[in-house]
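S.K.: My structure is in structure_27.cif, and what it holds is mmCIF, C-alpha atoms:
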data_coords
#
loop_
_atom_site.label_atom_id
_atom_site.label_comp_id
_atom_site.auth_asym_id
_atom_site.auth_seq_id
_atom_site.Cartn_x
_atom_site.Cartn_y
_atom_site.Cartn_z
CA MET A 572 -92.70 -27.01 -106.65
CA LEU A 573 -92.50 -26.90 -110.40
CA ARG A 574 -89.17 -26.53 -112.11
CA ALA A 575 -88.02 -26.39 -115.67
CA PRO A 576 -84.88 -28.33 -116.60
CA SER A 577 -81.91 -26.05 -116.04
CA HIS A 578 -79.26 -26.24 -118.70
CA GLY A 579 -75.75 -25.30 -117.70
CA GLY A 580 -76.37 -26.72 -114.25
CA ILE A 581 -74.09 -29.63 -115.11
CA ASP A 582 -70.90 -27.57 -114.79
CA ARG A 583 -71.89 -26.18 -111.43
CA SER A 584 -73.11 -29.50 -110.03
CA LEU A 585 -69.96 -31.27 -111.16
CA ALA A 586 -67.71 -28.58 -109.64
CA LEU A 587 -69.58 -28.78 -106.35
CA ALA A 588 -69.46 -32.58 -106.28
CA LEU A 589 -65.67 -32.56 -106.87
CA THR A 590 -65.19 -29.89 -104.18
CA GLY A 591 -67.42 -31.90 -101.85
CA PHE A 592 -65.41 -35.06 -102.45
CA ILE A 593 -62.12 -33.35 -101.55
CA LEU A 594 -63.70 -31.87 -98.41
CA PHE A 595 -65.17 -35.28 -97.55
CA VAL A 596 -61.71 -36.87 -97.68
CA LEU A 597 -60.26 -34.04 -95.55
CA ALA A 598 -63.11 -34.23 -93.04
CA ASN A 599 -62.47 -37.93 -92.55
CA SER A 600 -58.66 -37.82 -92.37
CA PHE A 601 -58.05 -35.65 -89.32
CA PRO A 602 -59.32 -35.52 -85.73
CA PHE A 603 -62.82 -34.16 -85.52
CA LEU A 604 -63.09 -33.20 -81.87
CA THR A 605 -60.56 -33.52 -79.06
CA LEU A 606 -61.64 -33.83 -75.47
CA ASP A 607 -59.34 -32.47 -72.77
CA ALA A 608 -60.23 -33.49 -69.22
CA GLN A 609 -57.66 -33.14 -66.46
CA GLY A 610 -54.71 -33.65 -68.75
CA GLN A 611 -56.20 -36.68 -70.49
CA ARG A 612 -56.77 -36.12 -74.20
CA LEU A 613 -59.13 -38.09 -76.40
CA ASP A 614 -59.32 -37.71 -80.18
CA SER A 615 -62.31 -38.66 -82.23
CA THR A 616 -62.85 -38.79 -85.96
CA LEU A 617 -66.04 -38.47 -87.97
CA VAL A 618 -66.65 -42.23 -88.23
CA SER A 619 -65.75 -42.95 -84.61
CA SER A 620 -69.27 -41.98 -83.53
CA SER A 621 -70.66 -44.96 -85.43
CA LEU A 622 -67.76 -47.26 -84.51
CA SER A 623 -68.26 -46.52 -80.80
CA LEU A 624 -71.88 -47.65 -81.12
CA TYR A 625 -70.63 -50.98 -82.51
CA ALA A 626 -68.23 -51.16 -79.56
CA TRP A 627 -71.16 -50.64 -77.15
CA ASP A 628 -72.95 -53.60 -78.72
CA GLN A 629 -75.43 -51.53 -80.72
CA PRO A 630 -74.72 -52.79 -84.26
CA ILE A 631 -78.05 -51.59 -85.68
CA LEU A 632 -77.55 -48.04 -84.41
CA GLY A 633 -73.93 -48.11 -85.52
CA THR A 634 -74.94 -49.15 -89.04
CA LEU A 635 -77.65 -46.48 -89.17
CA VAL A 636 -75.17 -43.75 -88.20
CA LEU A 637 -72.51 -45.11 -90.58
CA LEU A 638 -74.98 -45.16 -93.50
CA THR A 639 -76.41 -41.69 -92.89
CA THR A 640 -73.16 -39.84 -92.11
CA PHE A 641 -70.68 -41.69 -94.30
CA VAL A 642 -71.99 -44.14 -96.91
CA PHE A 643 -74.91 -42.19 -98.41
CA PRO A 644 -73.17 -38.76 -98.53
CA LEU A 645 -70.09 -40.37 -100.15
CA ALA A 646 -72.29 -42.30 -102.60
CA GLU A 647 -74.04 -39.06 -103.55
CA LEU A 648 -70.79 -37.20 -104.24
CA LEU A 649 -69.20 -40.04 -106.24
CA GLY A 650 -72.48 -40.88 -107.97
CA VAL A 651 -73.00 -37.32 -109.20
CA ILE A 652 -69.47 -37.27 -110.62
CA TYR A 653 -70.02 -40.63 -112.34
CA LEU A 654 -73.34 -39.48 -113.83
CA LEU A 655 -72.37 -36.01 -114.94
CA LEU A 656 -68.73 -36.34 -116.02
CA PRO A 657 -69.54 -38.19 -119.28
CA LEU A 658 -72.20 -35.57 -120.10
CA ARG A 659 -69.72 -32.75 -119.45
CA LEU A 660 -67.24 -34.41 -121.82
CA GLY A 661 -69.94 -34.67 -124.46
CA ARG A 662 -70.20 -38.43 -124.27
CA ARG A 663 -73.21 -40.68 -123.84
CA PRO A 664 -74.29 -41.44 -120.27
CA ALA A 665 -72.18 -44.13 -118.59
CA ARG A 666 -73.44 -47.70 -118.80
CA HIS A 667 -75.89 -48.96 -116.19
CA SER A 668 -76.06 -45.47 -114.79
CA ALA A 669 -79.87 -45.25 -114.81
CA GLY A 670 -80.04 -47.60 -111.82
CA LEU A 671 -77.44 -45.50 -110.02
CA ALA A 672 -79.42 -42.32 -110.69
CA ARG A 673 -82.57 -43.93 -109.26
CA PHE A 674 -80.58 -45.12 -106.23
CA LEU A 675 -79.27 -41.59 -105.62
CA GLN A 676 -82.77 -40.15 -105.87
CA SER A 677 -84.24 -42.60 -103.39
CA THR A 678 -81.41 -42.37 -100.85
CA GLN A 679 -81.13 -38.58 -100.92
CA PRO A 680 -83.17 -37.97 -97.73
CA TRP A 681 -80.92 -40.46 -95.91
CA GLY A 682 -77.75 -38.41 -96.21
CA MET A 683 -77.83 -36.51 -92.91
CA LEU A 684 -74.57 -34.59 -92.56
CA GLU A 685 -76.27 -31.30 -91.68
CA ILE A 686 -78.24 -33.01 -88.91
CA PHE A 687 -75.00 -34.54 -87.63
CA MET A 688 -73.52 -31.04 -87.42
CA LEU A 689 -76.39 -29.94 -85.15
CA ALA A 690 -75.75 -33.04 -83.03
CA VAL A 691 -72.07 -32.08 -82.66
CA LEU A 692 -73.17 -28.66 -81.41
CA VAL A 693 -75.53 -30.22 -78.86
CA ALA A 694 -72.84 -32.68 -77.72
CA VAL A 695 -70.26 -29.91 -77.25
CA VAL A 696 -72.70 -27.89 -75.14
CA LYS A 697 -73.56 -30.95 -73.03
CA LEU A 698 -69.87 -31.62 -72.40
CA GLY A 699 -69.15 -27.97 -71.65
CA ASP A 700 -69.27 -28.37 -67.89
CA ILE A 701 -67.42 -31.71 -67.79
CA ALA A 702 -64.48 -31.21 -70.10
CA HIS A 703 -62.82 -28.87 -72.53
CA VAL A 704 -63.63 -29.62 -76.16
CA ILE A 705 -61.12 -28.60 -78.83
CA PRO A 706 -62.38 -28.38 -82.42
CA GLY A 707 -60.23 -30.37 -84.83
CA LEU A 708 -59.14 -29.58 -88.37
CA SER A 709 -61.83 -31.90 -89.70
CA LEU A 710 -64.58 -29.82 -88.16
CA TYR A 711 -63.81 -26.90 -90.47
CA ALA A 712 -63.62 -29.15 -93.54
CA PHE A 713 -66.90 -30.69 -92.37
CA ALA A 714 -68.62 -27.31 -92.06
CA ALA A 715 -67.48 -26.40 -95.58
CA LEU A 716 -68.67 -29.81 -96.81
CA ILE A 717 -72.18 -29.18 -95.48
CA GLY A 718 -72.33 -25.82 -97.28
CA THR A 719 -71.11 -27.47 -100.50
CA MET A 720 -73.64 -30.29 -100.28
CA ALA A 721 -76.46 -27.85 -99.58
CA LEU A 722 -75.51 -25.88 -102.71
CA LEU A 723 -75.22 -29.15 -104.66
CA SER A 724 -78.73 -30.22 -103.68
CA THR A 725 -80.15 -26.90 -104.95
CA THR A 726 -78.26 -26.90 -108.28
CA LEU A 727 -78.29 -30.62 -109.02
CA ASP A 728 -81.09 -31.46 -111.35
CA LEU A 729 -81.09 -35.01 -112.63
CA PHE A 730 -83.32 -33.80 -115.47
CA ASP A 731 -80.10 -32.88 -117.29
CA TYR A 732 -79.05 -36.48 -116.95
CA TRP A 733 -82.43 -38.09 -117.73
CA GLU A 734 -82.75 -36.04 -120.92
CA GLN A 735 -79.50 -37.46 -122.28
CA LEU A 736 -80.55 -41.03 -121.63
CA PRO A 737 -81.50 -42.82 -124.86
CA TRP A 738 -84.81 -44.68 -124.86
CA GLU A 739 -87.28 -46.18 -127.30
CA GLN A 740 -91.01 -45.64 -127.41
CA PRO A 741 -92.59 -49.00 -126.61
CA SER A 742 -94.67 -50.34 -129.46
CA MET B 358 -116.41 -31.40 -111.78
CA LYS B 359 -113.36 -33.37 -110.81
CA PHE B 360 -109.80 -32.24 -111.32
CA LEU B 361 -108.17 -33.66 -114.41
CA THR B 362 -105.57 -36.08 -113.14
CA ALA B 363 -103.00 -37.87 -115.25
CA ARG B 364 -104.71 -41.10 -114.29
CA ASN B 365 -108.05 -39.93 -115.71
CA ALA B 366 -106.33 -38.63 -118.82
CA GLY B 367 -104.83 -42.07 -119.46
CA LEU B 368 -101.30 -40.84 -118.79
CA ILE B 369 -98.69 -42.13 -116.41
CA ALA B 370 -95.61 -40.28 -115.19
CA CYS B 371 -92.49 -42.14 -114.11
CA ASP B 372 -91.92 -41.48 -110.39
CA SER B 373 -88.20 -41.54 -110.93
CA CYS B 374 -87.32 -39.67 -114.15
CA HIS B 375 -90.70 -37.94 -114.68
CA LEU B 376 -91.09 -39.18 -118.24
CA LEU B 377 -94.74 -38.83 -119.22
CA LEU B 378 -96.16 -41.83 -121.03
CA ARG B 379 -99.46 -43.03 -122.38
CA LYS B 380 -100.76 -45.61 -119.96
CA PRO B 381 -99.84 -49.15 -121.05
CA VAL B 382 -103.00 -51.00 -122.01
CA PRO B 383 -102.63 -54.31 -120.11
CA ARG B 384 -103.34 -53.84 -116.42
CA THR B 385 -101.57 -56.93 -115.13
CA GLY B 386 -97.89 -57.38 -114.44
CA LYS B 387 -95.24 -54.78 -113.82
CA HIS B 388 -94.46 -52.07 -116.31
CA ARG B 389 -91.07 -50.52 -116.43
CA CYS B 390 -90.19 -47.03 -117.53
CA PRO B 391 -88.62 -47.34 -121.00
CA ARG B 392 -86.09 -44.63 -120.11
CA CYS B 393 -84.87 -45.26 -116.57
CA GLY B 394 -86.19 -48.76 -115.79
CA ALA B 395 -88.21 -47.81 -112.70
CA THR B 396 -91.47 -49.63 -112.06
CA LEU B 397 -94.40 -47.58 -113.32
CA HIS B 398 -97.49 -47.06 -111.21
CA SER B 399 -99.93 -44.19 -111.25
CA ARG B 400 -100.45 -44.64 -107.48
CA ILE B 401 -98.08 -46.45 -105.09
CA PRO B 402 -99.53 -49.99 -104.82
CA ARG B 403 -101.22 -50.69 -101.45
CA SER B 404 -100.00 -47.33 -100.22
CA LEU B 405 -102.62 -47.03 -97.47
CA SER B 406 -102.05 -50.43 -95.85
CA LYS B 407 -98.26 -50.10 -96.00
CA THR B 408 -98.36 -46.65 -94.43
CA TRP B 409 -100.78 -47.81 -91.70
CA ALA B 410 -98.54 -50.77 -90.84
CA LEU B 411 -95.44 -48.57 -90.50
CA LEU B 412 -97.35 -45.95 -88.52
CA ILE B 413 -98.77 -48.45 -86.03
CA ALA B 414 -95.32 -49.98 -85.48
CA ALA B 415 -93.85 -46.50 -84.95
CA THR B 416 -96.63 -45.53 -82.52
CA ILE B 417 -95.96 -48.59 -80.37
CA LEU B 418 -92.21 -47.93 -80.33
CA TYR B 419 -92.78 -44.25 -79.49
CA ILE B 420 -93.58 -45.31 -75.89
CA PRO B 421 -90.29 -47.10 -75.03
CA ALA B 422 -88.43 -44.46 -77.05
CA ASN B 423 -89.58 -41.81 -74.60
CA THR B 424 -89.75 -43.73 -71.32
CA LEU B 425 -86.51 -45.74 -71.48
CA PRO B 426 -83.15 -43.99 -71.03
CA VAL B 427 -81.41 -43.28 -74.34
CA MET B 428 -77.99 -42.97 -72.72
CA SER B 429 -76.32 -42.97 -69.35
CA VAL B 430 -73.37 -41.03 -68.03
CA VAL B 431 -71.24 -43.41 -65.99
CA TYR B 432 -69.02 -41.57 -63.53
CA LEU B 433 -66.76 -43.53 -61.17
CA GLY B 434 -68.77 -46.68 -61.80
CA ARG B 435 -72.15 -45.06 -61.04
CA GLY B 436 -74.51 -44.69 -63.96
CA GLU B 437 -76.89 -41.81 -64.43
CA PRO B 438 -79.41 -42.75 -67.12
CA SER B 439 -81.38 -40.06 -68.92
CA THR B 440 -84.35 -40.13 -71.25
CA ILE B 441 -84.85 -37.86 -74.25
CA LEU B 442 -86.90 -35.39 -72.18
CA GLN B 443 -84.30 -35.34 -69.41
CA GLY B 444 -81.68 -34.52 -72.07
CA VAL B 445 -83.76 -31.50 -73.10
CA MET B 446 -84.15 -30.49 -69.44
CA HIS B 447 -80.38 -30.70 -69.01
CA LEU B 448 -79.86 -28.27 -71.90
CA LEU B 449 -82.44 -25.94 -70.35
CA ALA B 450 -80.66 -26.08 -67.00
CA GLU B 451 -77.47 -25.05 -68.79
CA GLY B 452 -79.31 -21.98 -70.01
CA MET B 453 -79.09 -23.12 -73.65
CA TRP B 454 -82.76 -22.60 -74.39
CA PRO B 455 -82.40 -22.13 -78.20
CA LEU B 456 -80.65 -25.50 -78.46
CA ALA B 457 -83.10 -27.04 -75.97
CA THR B 458 -85.98 -25.82 -78.14
CA ILE B 459 -84.46 -27.32 -81.29
CA VAL B 460 -83.87 -30.70 -79.62
CA PHE B 461 -87.36 -30.70 -78.08
CA VAL B 462 -88.97 -29.94 -81.44
CA ALA B 463 -86.81 -32.44 -83.35
CA SER B 464 -86.98 -35.31 -80.86
CA ILE B 465 -90.36 -35.10 -79.16
CA PHE B 466 -92.65 -32.82 -81.15
CA VAL B 467 -91.77 -33.84 -84.72
CA PRO B 468 -92.18 -37.64 -84.28
CA LEU B 469 -95.53 -37.08 -82.58
CA LEU B 470 -96.56 -34.60 -85.30
CA LYS B 471 -95.68 -37.14 -88.00
CA LEU B 472 -97.71 -39.89 -86.32
CA VAL B 473 -100.75 -37.63 -85.90
CA VAL B 474 -100.58 -35.93 -89.32
CA LEU B 475 -100.03 -39.11 -91.34
CA SER B 476 -102.83 -40.94 -89.49
CA GLY B 477 -105.12 -37.96 -90.09
CA LEU B 478 -104.27 -37.92 -93.80
CA LEU B 479 -104.89 -41.67 -94.08
CA ILE B 480 -108.28 -41.30 -92.39
CA SER B 481 -109.18 -38.36 -94.65
CA ILE B 482 -108.47 -40.52 -97.72
CA ARG B 483 -110.49 -43.38 -96.28
CA ARG B 484 -113.44 -41.01 -95.80
CA ALA B 485 -113.02 -39.68 -99.38
CA SER B 486 -112.68 -36.20 -97.95
CA ASN B 487 -112.37 -33.23 -100.26
CA TRP B 488 -111.73 -30.77 -97.44
CA ARG B 489 -108.85 -28.29 -98.12
CA THR B 490 -106.93 -30.71 -100.29
CA LEU B 491 -104.15 -28.22 -101.04
CA ASP B 492 -103.55 -27.59 -97.33
CA ARG B 493 -103.50 -31.32 -96.64
CA THR B 494 -100.92 -31.76 -99.40
CA ARG B 495 -98.81 -29.00 -97.84
CA LEU B 496 -99.09 -30.66 -94.44
CA TYR B 497 -97.79 -33.86 -95.98
CA ARG B 498 -94.81 -32.09 -97.57
CA LEU B 499 -94.00 -30.45 -94.22
CA THR B 500 -93.94 -33.76 -92.34
CA GLU B 501 -91.87 -35.35 -95.08
CA PHE B 502 -89.36 -32.48 -94.90
CA VAL B 503 -88.92 -32.19 -91.12
CA GLY B 504 -88.94 -35.93 -90.32
CA ARG B 505 -85.21 -36.47 -90.88
CA TRP B 506 -84.24 -33.95 -88.21
CA SER B 507 -85.39 -36.29 -85.45
CA MET B 508 -82.19 -38.24 -86.05
CA VAL B 509 -80.28 -35.53 -84.19
CA ASP B 510 -80.53 -37.28 -80.82
CA ILE B 511 -79.14 -40.53 -82.23
CA PHE B 512 -76.13 -38.62 -83.55
CA VAL B 513 -75.68 -36.88 -80.17
CA ILE B 514 -75.50 -40.32 -78.54
CA GLY B 515 -72.96 -41.43 -81.16
CA VAL B 516 -70.74 -38.36 -80.70
CA LEU B 517 -70.87 -38.51 -76.88
CA THR B 518 -70.16 -42.24 -76.61
CA ALA B 519 -67.22 -41.82 -79.00
CA LEU B 520 -65.75 -38.83 -77.15
CA VAL B 521 -66.22 -39.71 -73.50
CA GLN B 522 -64.23 -42.87 -72.87
CA PHE B 523 -62.04 -42.43 -69.82
CA GLY B 524 -62.05 -46.09 -68.84
CA ASN B 525 -63.32 -46.65 -65.30
CA LEU B 526 -63.30 -42.95 -64.49
CA ALA B 527 -66.07 -41.74 -66.77
CA SER B 528 -67.88 -42.91 -69.86
CA ILE B 529 -71.14 -42.40 -71.71
CA GLU B 530 -72.98 -45.43 -72.97
CA PRO B 531 -76.07 -45.81 -75.18
CA GLY B 532 -79.26 -46.87 -73.39
CA ALA B 533 -82.08 -49.25 -74.24
CA GLY B 534 -84.38 -46.49 -75.50
CA ALA B 535 -81.95 -45.39 -78.21
CA LEU B 536 -82.79 -48.29 -80.53
CA SER B 537 -86.56 -47.74 -80.14
CA PHE B 538 -86.12 -44.05 -80.79
CA ALA B 539 -84.08 -44.68 -83.96
CA ALA B 540 -86.72 -47.19 -85.07
CA VAL B 541 -89.46 -44.55 -84.66
CA VAL B 542 -87.52 -42.10 -86.85
CA VAL B 543 -86.74 -44.68 -89.54
CA LEU B 544 -90.27 -46.16 -89.59
CA THR B 545 -91.95 -42.74 -89.86
CA MET B 546 -89.56 -41.78 -92.67
CA PHE B 547 -90.56 -44.96 -94.51
CA ALA B 548 -94.23 -44.23 -93.75
CA ALA B 549 -93.94 -40.77 -95.31
CA HIS B 550 -92.27 -42.42 -98.29
CA THR B 551 -94.94 -45.07 -98.87
CA PHE B 552 -97.75 -42.53 -98.46
CA ASP B 553 -98.87 -41.41 -101.91
CA PRO B 554 -100.02 -37.74 -101.79
CA ARG B 555 -101.75 -38.19 -105.16
CA LEU B 556 -104.41 -40.20 -103.33
CA LEU B 557 -105.45 -36.94 -101.63
CA TRP B 558 -106.47 -35.54 -105.00
CA ASP B 559 -108.51 -38.48 -106.20
CA HIS B 560 -111.56 -37.18 -104.35
CA ALA B 561 -110.87 -33.48 -104.79
CA GLN B 562 -113.60 -31.38 -106.42
CA HIS B 563 -113.50 -27.97 -107.99
CA ASP B 564 -115.22 -25.28 -105.94
#
Go through the file and emit its structure as structure tokens.
M.R.:
Amino acid sequence: MLRAPSHGGIDRSLALALTGFILFVLANSFPFLTLDAQGQRLDSTLVSSSLSLYAWDQPILGTLVLLTTFVFPLAELLGVIYLLLPLRLGRRPARHSAGLARFLQSTQPWGMLEIFMLAVLVAVVKLGDIAHVIPGLSLYAFAALIGTMALLSTTLDLFDYWEQLPWEQPS
Amino acid sequence: MKFLTARNAGLIACDSCHLLLRKPVPRTGKHRCPRCGATLHSRIPRSLSKTWALLIAATILYIPANTLPVMSVVYLGRGEPSTILQGVMHLLAEGMWPLATIVFVASIFVPLLKLVVLSGLLISIRRASNWRTLDRTRLYRLTEFVGRWSMVDIFVIGVLTALVQFGNLASIEPGAGALSFAAVVVLTMFAAHTFDPRLLWDHAQHD
């Protein structure tokens, strides 16, 4: 797909990244799902699905889930703010930010929150006959976060950032 | 007549920030993009051998990923292991056929599709094929786009093992196949990444 650099996208991308960051904090601060089986209640948070894999002696799987559902999405939100805020304020791009921008570009396919949401749906259906699953407050914040990040990925255009980066023609 | 490629025109585009530059004259050593610092290369170096290596590793791991149980439901001390396919069957038995379809496509069909399509593309480059280059490029983009969704089963295992922990009464634990399955997904994602679609166009001819 060909695309021309979109000016004015900075405001929208920055707003979405800030919104996403707030939702990310909310989604990680409250119970995600609660399981109710014969009076016994079990809470789980967003990161507990990777922590439980560590507990079951699967450190590689745990790390993979932690990276794709926590580290990379958070890095994307914070990274976009760090890259675009100076441009919005009319300043020069932040120092050493070119490496960060390249990191964000290469790790973008590894942020997998929307896939995690589908997994939650599958898990709830699988548990349907065993126990009662109660959606937690986090789940709603999480759903909103996925919408925000989807919008961010369509409006974010690092061209705006690359164009502001000073460089010299090599001799 | 051949297509005009940037390589033939003596130009090189940065893979990262898309700055278009005249090709640096010396052909040895690494060149860095003067704007963003990424390494410049008009084609990913040793793209074919890297992609083959990742694909072969993924193909081997595809077997344990599908034959070993990816998780087991332990109820009153008795474990009931289930493979990926049995997980899909379970969803079907529940009458959730839309969800069963999604999981089947994401976990069984897509990994296999990626292995077959990427191998086919590699062979077509080896044979200097100029057959339907645009369609082959589209096929590549499709496999690159859908590949991530295979991770869904790994996340299901994570969510279930985190939720179902009733001590000795009932628990769900990850199985031996889970690691192989995750490895297949990660390796094929890397394979799609090291594959350079520009190689498809190096033998393309105008009609």
S.K.: Expand the PyMOL selection byres ((chain B and resi 545-550) around 6) into the individual residues it matches in the shown file, reporting them as a list in words.
M.R.: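 When the PyMOL selection byres ((chain B and resi 545-550) around 6) is applied, the selected residues are Thr408, Leu411, Glu501, Val542, Val543, Leu544, Thr551 and Phe552 of chain B.
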S.K.: Quick one: residues within 7 Å of A:Leu654, all atoms listed in the file counted, chain neighbours fewer than 3 positions away excluded, as a list of chain:residue names?
M.R.: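 Here the qualifying residues turn out to be A:Gly650, A:Val651, A:Pro657, A:Pro664, A:Ala665, A:Ser668.
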S.K.: Report the residues retrieved by the PyMOL selection byres ((chain B) within 8 of (chain A)) from the displayed file, expressed as JSON, numbers by chain.
M.R.: {"B": [373, 374, 391, 392, 393, 394, 395, 447, 448, 456, 505, 506, 508, 509, 510, 511, 512, 513, 515, 516, 517, 518, 519, 520, 521, 522, 530, 531, 536, 539]}
S.K.: Hey, can you spit out that residue selection with C-alpha atoms as a PDB file, keeping the file's coordinate frame?
M.R.:
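Result went into again-v3.pdb, see below:
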ATOM      1  CA  SER B 373     -88.200 -41.540-110.930  1.00  0.00           C
ATOM      2  CA  CYS B 374     -87.320 -39.670-114.150  1.00  0.00           C
ATOM      3  CA  PRO B 391     -88.620 -47.340-121.000  1.00  0.00           C
ATOM      4  CA  ARG B 392     -86.090 -44.630-120.110  1.00  0.00           C
ATOM      5  CA  CYS B 393     -84.870 -45.260-116.570  1.00  0.00           C
ATOM      6  CA  GLY B 394     -86.190 -48.760-115.790  1.00  0.00           C
ATOM      7  CA  ALA B 395     -88.210 -47.810-112.700  1.00  0.00           C
ATOM      8  CA  HIS B 447     -80.380 -30.700 -69.010  1.00  0.00           C
ATOM      9  CA  LEU B 448     -79.860 -28.270 -71.900  1.00  0.00           C
ATOM     10  CA  LEU B 456     -80.650 -25.500 -78.460  1.00  0.00           C
ATOM     11  CA  ARG B 505     -85.210 -36.470 -90.880  1.00  0.00           C
ATOM     12  CA  TRP B 506     -84.240 -33.950 -88.210  1.00  0.00           C
ATOM     13  CA  MET B 508     -82.190 -38.240 -86.050  1.00  0.00           C
ATOM     14  CA  VAL B 509     -80.280 -35.530 -84.190  1.00  0.00           C
ATOM     15  CA  ASP B 510     -80.530 -37.280 -80.820  1.00  0.00           C
ATOM     16  CA  ILE B 511     -79.140 -40.530 -82.230  1.00  0.00           C
ATOM     17  CA  PHE B 512     -76.130 -38.620 -83.550  1.00  0.00           C
ATOM     18  CA  VAL B 513     -75.680 -36.880 -80.170  1.00  0.00           C
ATOM     19  CA  GLY B 515     -72.960 -41.430 -81.160  1.00  0.00           C
ATOM     20  CA  VAL B 516     -70.740 -38.360 -80.700  1.00  0.00           C
ATOM     21  CA  LEU B 517     -70.870 -38.510 -76.880  1.00  0.00           C
ATOM     22  CA  THR B 518     -70.160 -42.240 -76.610  1.00  0.00           C
ATOM     23  CA  ALA B 519     -67.220 -41.820 -79.000  1.00  0.00           C
ATOM     24  CA  LEU B 520     -65.750 -38.830 -77.150  1.00  0.00           C
ATOM     25  CA  VAL B 521     -66.220 -39.710 -73.500  1.00  0.00           C
ATOM     26  CA  GLN B 522     -64.230 -42.870 -72.870  1.00  0.00           C
ATOM     27  CA  GLU B 530     -72.980 -45.430 -72.970  1.00  0.00           C
ATOM     28  CA  PRO B 531     -76.070 -45.810 -75.180  1.00  0.00           C
ATOM     29  CA  LEU B 536     -82.790 -48.290 -80.530  1.00  0.00           C
ATOM     30  CA  ALA B 539     -84.080 -44.680 -83.960  1.00  0.00           C
TER      31      ALA B 539
END
S.K.: Identify all residues satisfying the PyMOL selection byres ((chain B and resi 416) around 12) in the given file; provide them as a VMD selection string.
M.R.: chain B and resid 409 to 415 417 to 423 468 to 473 475 to 476 537 to 538 540 to 542 544 to 545 548
S.K.: Store the residues picked out above, limited to C-alpha atoms, as a tab-separated table (two decimals), keeping the file's coordinate frame.
M.R.:
chain	number	residue	atom	x	y	z
B	409	TRP	CA	-100.78	-47.81	-91.70
B	410	ALA	CA	-98.54	-50.77	-90.84
B	411	LEU	CA	-95.44	-48.57	-90.50
B	412	LEU	CA	-97.35	-45.95	-88.52
B	413	ILE	CA	-98.77	-48.45	-86.03
B	414	ALA	CA	-95.32	-49.98	-85.48
B	415	ALA	CA	-93.85	-46.50	-84.95
B	417	ILE	CA	-95.96	-48.59	-80.37
B	418	LEU	CA	-92.21	-47.93	-80.33
B	419	TYR	CA	-92.78	-44.25	-79.49
B	420	ILE	CA	-93.58	-45.31	-75.89
B	421	PRO	CA	-90.29	-47.10	-75.03
B	422	ALA	CA	-88.43	-44.46	-77.05
B	423	ASN	CA	-89.58	-41.81	-74.60
B	468	PRO	CA	-92.18	-37.64	-84.28
B	469	LEU	CA	-95.53	-37.08	-82.58
B	470	LEU	CA	-96.56	-34.60	-85.30
B	471	LYS	CA	-95.68	-37.14	-88.00
B	472	LEU	CA	-97.71	-39.89	-86.32
B	473	VAL	CA	-100.75	-37.63	-85.90
B	475	LEU	CA	-100.03	-39.11	-91.34
B	476	SER	CA	-102.83	-40.94	-89.49
B	537	SER	CA	-86.56	-47.74	-80.14
B	538	PHE	CA	-86.12	-44.05	-80.79
B	540	ALA	CA	-86.72	-47.19	-85.07
B	541	VAL	CA	-89.46	-44.55	-84.66
B	542	VAL	CA	-87.52	-42.10	-86.85
B	544	LEU	CA	-90.27	-46.16	-89.59
B	545	THR	CA	-91.95	-42.74	-89.86
B	548	ALA	CA	-94.23	-44.23	-93.75
S.K.: To one decimal place in Å, what is the distance between atom CA of B:Ala485 and atom CA of B:His388?
M.R.: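 It comes out at 28.0 Å.
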S.K.: Would you mind listing what lies within 9 Å of A:Gly580 as a compact mmCIF listing (two decimals) with C-alpha atoms, in the coordinates of the input, with only C-alpha atoms counted and same-chain residues fewer than 4 positions away left out?
M.R.:
# COMPACT_ATOMS: atom_id res chain seq x y z
CA PRO A 576 -84.88 -28.33 -116.60
CA SER A 584 -73.11 -29.50 -110.03
CA LEU A 585 -69.96 -31.27 -111.16
CA THR A 726 -78.26 -26.90 -108.28
CA LEU A 727 -78.29 -30.62 -109.02
CA ASP A 728 -81.09 -31.46 -111.35
CA ASP A 731 -80.10 -32.88 -117.29
S.K.: Near B:Lys380, counting only C-alpha atoms, which residues have an atom at most 6 Å away, once you skip same-chain residues fewer than 5 positions from it, shown as a list in words?
M.R.: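 So the residues in contact are Gly367, Leu368 and Ile369 of chain B.
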S.K.: Go ahead and compute the interatomic distance for atom CA of B:Gly444 and atom CA of A:Gly718, in Å to one decimal.
M.R.: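 Separation between atom CA of B:Gly444 and atom CA of A:Gly718: 28.3 Å.
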S.K.: So the first atom is atom CA of B:Leu405 and the second is atom CA of B:Leu479; what is the distance between them in Å, to one decimal place?
M.R.: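 Here the two named atoms are 6.7 Å from each other.
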S.K.: Can you tell me which residues surround A:Leu722 at a distance of at most 10 Å, considering all atoms listed in the file, apart from same-chain residues fewer than 5 positions away, and format the answer as a count of residues only?
M.R.: 7
S.K.: Kindly compute an axis-aligned box around the listed atoms of stretch 607-624 of chain A, allowing 8 Å on each side, and express its centre and edge lengths in Å to one decimal as AutoDock Vina command-line options.
M.R.:
--center_x -63.3 --center_y -40.1 --center_z -77.3 --size_x 33.2 --size_y 31.2 --size_z 37.8
S.K.: So, with all atoms listed in the file as the atoms that count, which of A:Phe592, A:His703, A:Thr719, A:Ala712 lies closest to A:Leu645?
M.R.: A:Phe592
S.K.: So which one's closest to A:Ala598, A:Ala715, A:Leu658, A:Ile581, A:Leu649? Using all atoms listed in the file, please.
M.R.: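 Nearest to A:Ala598: A:Ala715.
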S.K.: Mind checking which residues fall within 9 Å of B:His398, counting all atoms listed in the file, ignoring those fewer than 2 positions away in the same chain, and posting them as a VMD selection string?
M.R.: chain B and resid 369 to 372 387 to 389 396 400 to 402
S.K.: So which one's closest to B:Asp559, B:Val474, B:Met453, B:Ser439, B:Arg483? Using all atoms listed in the file, please.
M.R.: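 Going through B:Val474, B:Met453, B:Ser439, B:Arg483 one by one, the smallest distance to B:Asp559 is for B:Arg483.
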